[in-house]
Amino acid sequence: MKLLFAYFFLFSLGCFAQTTPLIPFHKDKKWGYCQPDQTPVIAAQYRIATAFKAGVAWVQNDKKQWALLNLQGKLLTPFVYAGWQRIEKQADTLFIVKMFFKADSLTGCNLLNCKGQELLAWKYTALAHAGEGFYKAERHFFANETEKKLLESKDLIIDLKGNEYLLPKRSGNFSGGFAQNNCNYYTPKGHLQIATQAYFCFPFSEGLAVVRVNPKQEIVINSANSTISKKTYQPLFADDRLCREGLLPIQLNDLQGFIDQRGEEVIPPLYDEVRHFSEGLAPVRMGNVWGVINKKGRLVVPFLYDLIEDFSEGKAVVEQKGAFGVIDKEGKVLAKPQYDRIEKYQEGMAKVEFEGCVGFLNSEGQLAVPIQYKKYDAQAPEGLAFEDKMQKGFEQGIFYLEGYGYIDQQGKTFFDPAQAAPTVLQDLDKYNTYQLAKGMNLKTYRNQRKAETGYSVDILFADLDQNQTSEIVLRTYTGGMHCCYQTEILEKNKADNLYYSIANTSKDITPAPALDAQGKQRLVVSYYEDVAYYHSCYACEIGLAVYEYDLYLENSKLVLPPTDEERNKKITKNMGELSKMPLRLLKNYDEPFLELATIMKEFETGQQLTDTDEGERKAYLYNCIGYYLNNQRDLAKTKALFEQYYTFKLDKAIIWAEIAKLLREY
């Protein structure tokens, strides 16, 4: 009996060891894993370490190769994969993995399970999850030309056993057992199950599909292709037309309601707008205000809000006068509307944003993690997997904060003390205690700025000059699709305790999430959007460039740091790579010589030239800005770099004149 108990005890410990959460931590620019009490378990040794899910995590070495790791620190695969994607919408977690084959310069794809086992042969160049356990695939070799033509004209579908099927080209993903192609529905084996002549169709869900028979009428069918709707309804233009929790939204006489899976109008069309049911409740709108109904159509939350989102974990995010809060299923206010944004609840926590910083609400609507971390959209430390950057809620008790590291549900941080320097937002209710030399307090000034632009104002507090007193950094979004921020820095005068403006610029300036090697607070200035349209479209991007520079606050002035020779080397290398890229002549009718050269070029090639390139000249400009600022605004030195590497002689003088003019703005 004792032996049996001992065996059971050891077995239990083994199971516990398998399920004990491990949290990624960052130290000396490497990632490892520790226990919740911050005791290291797997030493910091990886370039990237992602969060554990389903008992495994992905890690990357310095060669940027990926491997799968278990909770004991054992590698389940070698470091061979070029990339991976988690597939979670099925019984067992699987991964699509990529490997680069140097022999034939092809990227191969496979499926990998949580044991590190590859499930397919390496014969596919691309895999994409097609829903319900099926995958769209592309082959990189064919038995003969006939097979090649056939596969190029169809969608190739495979299952987890590697069985291959063919569907019509550009079929949708599987939903409710069918893949949709136009208004026809196919089985996984490629059999045409339901054919319609409808104007437009939607995917199946919970056995139902909406079929728009013409631009003004909709019906609902089941998987046997029988019409179950008792009436013909108006088209309902919503994010999706899916049945959720047994009820499907419909519209009649410009009002919306719900039918069940038998086609009965269980909730008559009474509302101006409805959302899907979630957790037995659906937000509905009458006029300009939203309330909530249950499946019997009874109003359980009165019409009070400008918007009510779907319920998650018994709570819904609401909006009122542009601010967000949280209510429960009875309509009780858990968090009054006062925040800029709240994500849906996940594991009892909801991410909340205010004035450019983030924190977390607990299930009671209270701030469990104070709003004190600057929101970083694209400045995560090097070495975080893409899917973790996109994490919107807590998963297995932890959350990745952009620019810092992981945090748990109690607010315990797993940051590298030598790296992380959080920019702290002060108490939200104390803005009016900060008196400005402008003759108003910070709260009034913030509201004034917000009213002037119509956009939110990020207010950050950071000790920029290490004098034990925080400066105030105000970043105001000024509007536009790709632009811009106005940044103002206020410093406290200890003589009168008022905050004075010491910098006000149209540049996007943000306190860096990490102190530099000397323990000083950097200010990161991005110039990416300043010149994003330089002889190219905004999205035209070659890479091979630097897009930001650092500033420091010293004696109430923003100053450049000393020249960084490593940065000079990086920029010089970029310019060398750019010089190998051919440039095409651009139209510029302000210069007679170029006008003639353009006409001759068009005549010789038979092609009309444009006034933009693919982003090559913009990359030259980005590097010149970075080099100019890194070398203390040395224009002559920057010109020498440009002269050496910009080899397209037809517009060289003009391009440098433009760049030199732009450099003087920095």
# chains A, B, ... in the order shown; residues from 1 in each chain; ligands from 1

call {"tool": "residues_around", "arguments": {"residues": "Gly32 in chain A", "least_positions_apart": "5", "cutoff": "6 Å", "atoms": "only C-alpha atoms", "output": "ChimeraX atom specification"}}
result
/A:24-25,42-44

call {"tool": "residues_around", "arguments": {"residues": "Thr453 in chain A", "least_positions_apart": "5", "cutoff": "8 Å", "atoms": "only C-alpha atoms", "output": "compact mmCIF listing (two decimals) with C-alpha atoms, in the first residue's frame"}}
result
# COMPACT_ATOMS: atom_id res chain seq x y z
CA THR A 476 -1.03 64.37 -29.63
CA TYR A 477 -2.18 62.53 -32.72
CA THR A 478 -2.96 65.16 -35.33
CA GLY A 479 -4.93 63.03 -37.78

call {"tool": "select_by_dssp", "arguments": {"residues": "range 135-334 of chain A", "states": "helix (DSSP H, G or I)", "output": "list in words"}}
result
Glu145, Thr146, Glu147, Lys148, Lys149, Leu150, Leu151 and Glu152 of chain A

call {"tool": "write_last_selection", "arguments": {"atoms": "N, CA and C atoms", "output": "compact mmCIF listing (two decimals), in the first residue's frame"}}
result
# COMPACT_ATOMS: atom_id res chain seq x y z
N GLU A 145 3.26 16.83 -66.49
CA GLU A 145 2.70 18.12 -66.87
C GLU A 145 1.19 18.16 -66.70
N THR A 146 0.55 17.02 -66.93
CA THR A 146 -0.92 16.95 -66.78
C THR A 146 -1.32 17.21 -65.33
N GLU A 147 -0.59 16.58 -64.40
CA GLU A 147 -0.89 16.79 -62.98
C GLU A 147 -0.62 18.24 -62.59
N LYS A 148 0.44 18.81 -63.11
CA LYS A 148 0.76 20.20 -62.79
C LYS A 148 -0.36 21.13 -63.22
N LYS A 149 -0.87 20.95 -64.45
CA LYS A 149 -1.95 21.80 -64.94
C LYS A 149 -3.22 21.61 -64.11
N LEU A 150 -3.48 20.36 -63.72
CA LEU A 150 -4.67 20.08 -62.92
C LEU A 150 -4.59 20.77 -61.57
N LEU A 151 -3.45 20.64 -60.88
CA LEU A 151 -3.31 21.22 -59.54
C LEU A 151 -3.25 22.74 -59.58
N GLU A 152 -2.76 23.29 -60.67
CA GLU A 152 -2.74 24.74 -60.79
C GLU A 152 -4.12 25.32 -61.06

call {"tool": "atom_distance", "arguments": {"atom1": "CA of Thr510 in chain A", "atom2": "CA of Tyr533 in chain A"}}
result
22.6 Å

call {"tool": "residues_around", "arguments": {"residues": "Val473 in chain A", "least_positions_apart": "5", "cutoff": "6 Å", "atoms": "only C-alpha atoms", "output": "CSV table (one decimal) with all heavy atoms, in the first residue's frame"}}
result
chain,number,residue,atom,x,y,z
A,459,ILE,N,-0.3,61.0,-22.4
A,459,ILE,CA,0.4,61.7,-21.3
A,459,ILE,C,1.3,60.7,-20.6
A,459,ILE,O,0.9,59.8,-20.0
A,459,ILE,CB,-0.5,62.4,-20.4
A,459,ILE,CG1,-1.4,63.4,-21.1
A,459,ILE,CG2,0.3,63.1,-19.3
A,459,ILE,CD1,-2.4,64.2,-20.3
A,460,LEU,N,2.6,61.0,-20.7
A,460,LEU,CA,3.6,60.1,-20.1
A,460,LEU,C,4.5,60.8,-19.1
A,460,LEU,O,4.7,62.0,-19.2
A,460,LEU,CB,4.5,59.5,-21.1
A,460,LEU,CG,3.8,58.9,-22.4
A,460,LEU,CD1,4.9,58.5,-23.4
A,460,LEU,CD2,3.0,57.7,-21.9
A,488,GLU,N,5.2,67.4,-27.1
A,488,GLU,CA,5.6,68.5,-26.3
A,488,GLU,C,6.1,67.9,-25.0
A,488,GLU,O,5.6,67.0,-24.4
A,488,GLU,CB,4.4,69.5,-26.0
A,488,GLU,CG,4.8,70.7,-25.2
A,488,GLU,CD,3.7,71.7,-25.0
A,488,GLU,OE1,2.5,71.4,-25.4
A,488,GLU,OE2,4.0,72.8,-24.5
A,489,ILE,N,7.3,68.5,-24.5
A,489,ILE,CA,7.9,68.1,-23.2
A,489,ILE,C,7.8,69.2,-22.3
A,489,ILE,O,8.2,70.3,-22.6
A,489,ILE,CB,9.3,67.6,-23.5
A,489,ILE,CG1,9.3,66.4,-24.4
A,489,ILE,CG2,10.0,67.2,-22.1
A,489,ILE,CD1,10.7,65.9,-24.8

call {"tool": "atom_distance", "arguments": {"atom1": "CA of Asp516 in chain A", "atom2": "CA of Lys27 in chain A"}}
result
14.4 Å

call {"tool": "atom_distance", "arguments": {"atom1": "CA of Phe394 in chain A", "atom2": "CA of Tyr81 in chain A"}}
result
27.2 Å

call {"tool": "select_by_dssp", "arguments": {"residues": "range 301-417 of chain A", "states": "strand (DSSP E or B)", "output": "number ranges by chain"}}
result
A: 301-305, 307-308, 312, 315-320, 323-328, 333-339, 341-342, 346, 349-354, 357-361, 367-374, 395, 398-401, 405-408, 413-414

call {"tool": "residues_around", "arguments": {"residues": "Thr487 in chain A", "least_positions_apart": "2", "cutoff": "6 Å", "atoms": "only C-alpha atoms", "output": "ChimeraX atom specification"}}
result
/A:474-475,504-505

call {"tool": "write_last_selection", "arguments": {"atoms": "N, CA, C and O atoms", "output": "CSV table (one decimal), in the first residue's frame"}}
result
chain,number,residue,atom,x,y,z
A,474,LEU,N,3.8,64.9,-23.7
A,474,LEU,CA,2.4,64.9,-24.3
A,474,LEU,C,2.6,64.6,-25.8
A,474,LEU,O,3.2,65.3,-26.5
A,475,ARG,N,2.0,63.5,-26.2
A,475,ARG,CA,2.0,63.1,-27.7
A,475,ARG,C,0.5,63.2,-28.2
A,475,ARG,O,-0.3,62.5,-27.7
A,504,ASN,N,8.7,71.5,-28.2
A,504,ASN,CA,7.4,71.4,-28.9
A,504,ASN,C,7.7,71.2,-30.3
A,504,ASN,O,8.1,72.1,-31.0
A,505,THR,N,7.4,70.0,-30.8
A,505,THR,CA,7.9,69.6,-32.2
A,505,THR,C,6.9,68.7,-32.9
A,505,THR,O,6.1,68.1,-32.2

call {"tool": "closest_residue", "arguments": {"among": "A:Tyr549, A:Lys570, A:Val289, A:Met581", "to": "Gly626 in chain A", "atoms": "only C-alpha atoms"}}
result
A:Tyr549

call {"tool": "residues_around", "arguments": {"residues": "Glu118 in chain A", "least_positions_apart": "2", "cutoff": "12 Å", "atoms": "only C-alpha atoms", "output": "PDB file with C-alpha atoms, in the first residue's frame"}}
result
ATOM      1  CA  LEU A  68      10.079  23.195 -30.075  1.00  0.00           C
ATOM      2  CA  LEU A  76      11.532  18.138 -29.059  1.00  0.00           C
ATOM      3  CA  THR A  77      12.942  19.126 -32.452  1.00  0.00           C
ATOM      4  CA  TYR A  81      12.583  25.533 -38.837  1.00  0.00           C
ATOM      5  CA  LEU A  94      -0.799  21.718 -34.243  1.00  0.00           C
ATOM      6  CA  PHE A  95       1.742  23.934 -35.948  1.00  0.00           C
ATOM      7  CA  ILE A  96       2.413  24.735 -39.561  1.00  0.00           C
ATOM      8  CA  VAL A  97       6.196  24.796 -39.815  1.00  0.00           C
ATOM      9  CA  LYS A  98       8.463  26.036 -42.588  1.00  0.00           C
ATOM     10  CA  MET A  99      11.894  24.852 -43.595  1.00  0.00           C
ATOM     11  CA  CYS A 109       5.897  23.298 -45.172  1.00  0.00           C
ATOM     12  CA  ASN A 110       4.703  20.567 -42.844  1.00  0.00           C
ATOM     13  CA  LEU A 111       2.408  19.957 -39.883  1.00  0.00           C
ATOM     14  CA  LEU A 112       3.945  19.383 -36.464  1.00  0.00           C
ATOM     15  CA  ASN A 113       2.218  18.110 -33.326  1.00  0.00           C
ATOM     16  CA  CYS A 114       3.028  18.944 -29.705  1.00  0.00           C
ATOM     17  CA  LYS A 115       5.359  15.942 -29.508  1.00  0.00           C
ATOM     18  CA  GLY A 116       7.555  17.429 -32.217  1.00  0.00           C
ATOM     19  CA  LEU A 120       3.274  14.961 -43.575  1.00  0.00           C
ATOM     20  CA  ALA A 121       5.872  14.353 -46.237  1.00  0.00           C
ATOM     21  CA  TRP A 122       7.978  17.387 -47.175  1.00  0.00           C
ATOM     22  CA  LEU A 160      -4.156  15.289 -41.210  1.00  0.00           C
ATOM     23  CA  LYS A 161      -3.329  11.913 -42.759  1.00  0.00           C
ATOM     24  CA  GLY A 162      -1.982  13.503 -45.926  1.00  0.00           C
TER      25      GLY A 162
END
